[in-house]
Amino acid sequence: MFKLLKYHLKSFIKIHILLTVVIFVNMFMLKILNEIAKSSNSLVFRTITGFLQAIFIITIIILVIFTVFLSIRLFYQKVLSDQGYLTNTLPLKPSSIINSITLNAIIYLVYDFFVILVVFLLYSNVFIDNQILDFSKIPIYLLLFLSLTLTFTYFALLILSYGFSRNNKISSTVISGIILYAINQFLGGILVAILFFGVRSIDFSVSGDTIIFLIISGFYLVLTLLYYLGVNYLIKNKLNLE
């Protein structure tokens, strides 16, 4: 499994390095332009700065989207497509292939999180101005970030697995996606209700936001686990890849 993971890691590295370089270059250009703009009311500078700010935000979002999209594409290629049957001739269980894809996604999502964190801190002059931040909450934010992105990733993997286990692959994938999305919305509504009625007894001056983040993270991690188990079941029992 770890040899396969190493291969997956290499397949993602180029695009992530490229996007990271673009993000940091854009960030430093924005800082320079912001300093110039302080002493100039030029419309040109304001326009260029606004344009770079848009690109800056878009590239940060794209970094995360690419990790999720590439993970979904990797799953499709290695498990569901014609190449998947070649992959399954390897002396590996389908679960090992799925686990390697999952670990690869987690590693790069953690990478994305810390790239975004460092860029934010540098752009905000936190280190330069010696601002005091509560770094103890970074693990909570990371957990929330991972739970949300992994849930969406496994949502896609589950509907693809189910769709490709049926004769009408495209229509089955679309219908299962709609049904699973509706279930997600229903469960999300229950979570919102729990948070709404539960926050009244939480002291936000102490740890209220941390508790809420942990509840949301736990909810989506449970969903991710259920999706993961569903994908493994479908791969093993419905797609006949072993």
# chains A, B, ... in the order shown; residues from 1 in each chain; ligands from 1

call {"tool": "residues_around", "arguments": {"residues": "Tyr233 (chain A)", "least_positions_apart": "6", "cutoff": "10 Å", "atoms": "only C-alpha atoms", "output": "PDB file with C-alpha atoms, in the first residue's frame"}}
result
ATOM      1  CA  SER A  95      -9.364  -1.583   0.477  1.00  0.00           C
ATOM      2  CA  LEU A 158     -19.656   6.844  -2.853  1.00  0.00           C
ATOM      3  CA  SER A 161     -19.010   3.591  -6.675  1.00  0.00           C
ATOM      4  CA  TYR A 162     -22.746   3.025  -6.560  1.00  0.00           C
ATOM      5  CA  TYR A 227     -19.203   6.941   3.193  1.00  0.00           C
ATOM      6  CA  LEU A 239     -17.969  -4.171  -8.598  1.00  0.00           C
TER       7      LEU A 239
END

call {"tool": "select_by_dssp", "arguments": {"residues": "region 26-228 of chain A", "states": "helix (DSSP H, G or I)", "output": "MDAnalysis selection string"}}
result
chainID A and resid 26:38 43:80 82:87 94:123 135:163 169:201 208:228

call {"tool": "residues_around", "arguments": {"residues": "Leu225 (chain A)", "least_positions_apart": "3", "cutoff": "12 Å", "atoms": "only C-alpha atoms", "output": "list in words"}}
result
Thr102, Ser147, Leu150, Thr151, Phe152, Thr153, Tyr154, Phe155, Leu158, Gly218, Phe219, Tyr220, Leu221, Val222, Tyr228, Leu229, Gly230, Val231 and Asn232 of chain A

call {"tool": "write_last_selection", "arguments": {"atoms": "C-alpha atoms", "output": "PDB file, in the first residue's frame"}}
result
ATOM      1  CA  THR A 102      -7.394   8.461   1.251  1.00  0.00           C
ATOM      2  CA  SER A 147     -13.722  16.816   8.089  1.00  0.00           C
ATOM      3  CA  LEU A 150     -13.030  14.606   3.245  1.00  0.00           C
ATOM      4  CA  THR A 151     -16.806  14.398   3.569  1.00  0.00           C
ATOM      5  CA  PHE A 152     -17.251  16.037   0.171  1.00  0.00           C
ATOM      6  CA  THR A 153     -14.549  13.800  -1.338  1.00  0.00           C
ATOM      7  CA  TYR A 154     -16.103  10.594  -0.056  1.00  0.00           C
ATOM      8  CA  PHE A 155     -19.557  11.819  -1.007  1.00  0.00           C
ATOM      9  CA  LEU A 158     -19.656   6.844  -2.853  1.00  0.00           C
ATOM     10  CA  GLY A 218     -17.327  15.085  14.656  1.00  0.00           C
ATOM     11  CA  PHE A 219     -20.563  15.110  12.661  1.00  0.00           C
ATOM     12  CA  TYR A 220     -18.787  15.272   9.306  1.00  0.00           C
ATOM     13  CA  LEU A 221     -16.127  12.759  10.325  1.00  0.00           C
ATOM     14  CA  VAL A 222     -18.885  10.272  11.149  1.00  0.00           C
ATOM     15  CA  TYR A 228     -15.846   5.187   3.459  1.00  0.00           C
ATOM     16  CA  LEU A 229     -17.492   1.966   4.650  1.00  0.00           C
ATOM     17  CA  GLY A 230     -20.047   2.250   1.852  1.00  0.00           C
ATOM     18  CA  VAL A 231     -17.327   2.662  -0.786  1.00  0.00           C
ATOM     19  CA  ASN A 232     -15.423  -0.343   0.549  1.00  0.00           C
TER      20      ASN A 232
END

call {"tool": "closest_residue", "arguments": {"among": "A:Arg166, A:Lys78, A:Lys236, A:Lys137", "to": "Thr210 (chain A)", "atoms": "only C-alpha atoms"}}
result
A:Lys137

call {"tool": "closest_residue", "arguments": {"among": "A:Ile159, A:Ile190, A:Ile116, A:Leu70", "to": "Ile15 (chain A)", "atoms": "only C-alpha atoms"}}
result
A:Leu70

call {"tool": "residues_around", "arguments": {"residues": "Lys6 (chain A)", "least_positions_apart": "4", "cutoff": "12 Å", "atoms": "only C-alpha atoms", "output": "MDAnalysis selection string"}}
result
chainID A and resid 1:2 10:13 97 100:101 103:104 107

call {"tool": "write_last_selection", "arguments": {"atoms": "all heavy atoms", "output": "tab-separated table (two decimals), in the first residue's frame"}}
result
chain	number	residue	atom	x	y	z
A	1	MET	N	0.83	-1.21	0.00
A	1	MET	CA	0.00	0.00	0.00
A	1	MET	C	0.86	1.26	0.00
A	1	MET	O	0.54	2.25	-0.64
A	1	MET	CB	-0.92	0.02	1.21
A	1	MET	CG	-1.88	1.21	1.22
A	1	MET	SD	-2.85	1.36	2.71
A	1	MET	CE	-1.67	2.12	3.83
A	2	PHE	N	1.99	1.22	0.74
A	2	PHE	CA	2.81	2.43	0.87
A	2	PHE	C	3.57	2.74	-0.42
A	2	PHE	O	3.88	3.90	-0.70
A	2	PHE	CB	3.76	2.27	2.06
A	2	PHE	CG	3.06	2.33	3.38
A	2	PHE	CD1	2.81	1.17	4.10
A	2	PHE	CD2	2.60	3.53	3.90
A	2	PHE	CE1	2.13	1.22	5.31
A	2	PHE	CE2	1.93	3.59	5.10
A	2	PHE	CZ	1.69	2.42	5.81
A	10	LYS	N	3.57	11.43	-5.67
A	10	LYS	CA	4.34	12.01	-6.77
A	10	LYS	C	3.42	12.58	-7.86
A	10	LYS	O	3.75	13.58	-8.49
A	10	LYS	CB	5.27	10.96	-7.38
A	10	LYS	CG	6.45	10.61	-6.50
A	10	LYS	CD	7.36	9.60	-7.20
A	10	LYS	CE	8.58	9.26	-6.35
A	10	LYS	NZ	9.46	8.26	-7.01
A	11	SER	N	2.28	11.94	-8.06
A	11	SER	CA	1.38	12.38	-9.13
A	11	SER	C	0.70	13.71	-8.81
A	11	SER	O	0.20	14.40	-9.71
A	11	SER	CB	0.31	11.31	-9.39
A	11	SER	OG	-0.58	11.19	-8.30
A	12	PHE	N	0.69	14.10	-7.53
A	12	PHE	CA	0.05	15.36	-7.10
A	12	PHE	C	1.04	16.50	-6.92
A	12	PHE	O	0.65	17.66	-6.88
A	12	PHE	CB	-0.68	15.15	-5.77
A	12	PHE	CG	-2.04	14.51	-5.89
A	12	PHE	CD1	-2.28	13.51	-6.83
A	12	PHE	CD2	-3.07	14.89	-5.06
A	12	PHE	CE1	-3.51	12.90	-6.92
A	12	PHE	CE2	-4.31	14.30	-5.15
A	12	PHE	CZ	-4.54	13.29	-6.09
A	13	ILE	N	2.33	16.17	-6.78
A	13	ILE	CA	3.29	17.14	-6.27
A	13	ILE	C	3.49	18.34	-7.20
A	13	ILE	O	3.60	19.48	-6.74
A	13	ILE	CB	4.65	16.45	-5.98
A	13	ILE	CG1	5.58	17.39	-5.21
A	13	ILE	CG2	5.30	15.97	-7.26
A	13	ILE	CD1	5.12	17.70	-3.82
A	97	ILE	N	-6.01	-0.10	-1.84
A	97	ILE	CA	-5.97	0.94	-2.88
A	97	ILE	C	-6.74	2.17	-2.42
A	97	ILE	O	-6.26	3.30	-2.57
A	97	ILE	CB	-6.55	0.40	-4.20
A	97	ILE	CG1	-5.72	-0.80	-4.68
A	97	ILE	CG2	-6.59	1.48	-5.27
A	97	ILE	CD1	-6.32	-1.53	-5.86
A	100	SER	N	-4.82	4.01	0.31
A	100	SER	CA	-3.69	4.80	-0.20
A	100	SER	C	-4.18	6.11	-0.81
A	100	SER	O	-3.55	7.16	-0.64
A	100	SER	CB	-2.90	3.99	-1.24
A	100	SER	OG	-3.66	3.79	-2.43
A	101	ILE	N	-5.32	6.06	-1.50
A	101	ILE	CA	-5.91	7.28	-2.07
A	101	ILE	C	-6.36	8.22	-0.95
A	101	ILE	O	-6.16	9.44	-1.02
A	101	ILE	CB	-7.09	6.93	-2.99
A	101	ILE	CG1	-6.59	6.15	-4.22
A	101	ILE	CG2	-7.85	8.18	-3.42
A	101	ILE	CD1	-7.70	5.62	-5.10
A	103	LEU	N	-5.17	8.35	2.26
A	103	LEU	CA	-4.00	8.91	2.93
A	103	LEU	C	-3.36	10.00	2.08
A	103	LEU	O	-2.91	11.04	2.61
A	103	LEU	CB	-2.99	7.80	3.22
A	103	LEU	CG	-3.31	6.87	4.38
A	103	LEU	CD1	-2.29	5.73	4.45
A	103	LEU	CD2	-3.34	7.63	5.70
A	104	ASN	N	-3.32	9.79	0.78
A	104	ASN	CA	-2.77	10.79	-0.13
A	104	ASN	C	-3.57	12.09	-0.05
A	104	ASN	O	-3.00	13.18	0.01
A	104	ASN	CB	-2.78	10.24	-1.55
A	104	ASN	CG	-2.17	11.19	-2.55
A	104	ASN	OD1	-0.97	11.42	-2.57
A	104	ASN	ND2	-3.01	11.77	-3.40
A	107	ILE	N	-2.88	13.86	3.33
A	107	ILE	CA	-1.56	14.50	3.35
A	107	ILE	C	-1.59	15.82	2.60
A	107	ILE	O	-1.08	16.85	3.09
A	107	ILE	CB	-0.49	13.56	2.75
A	107	ILE	CG1	-0.24	12.38	3.70
A	107	ILE	CG2	0.81	14.31	2.48
A	107	ILE	CD1	0.60	11.28	3.10
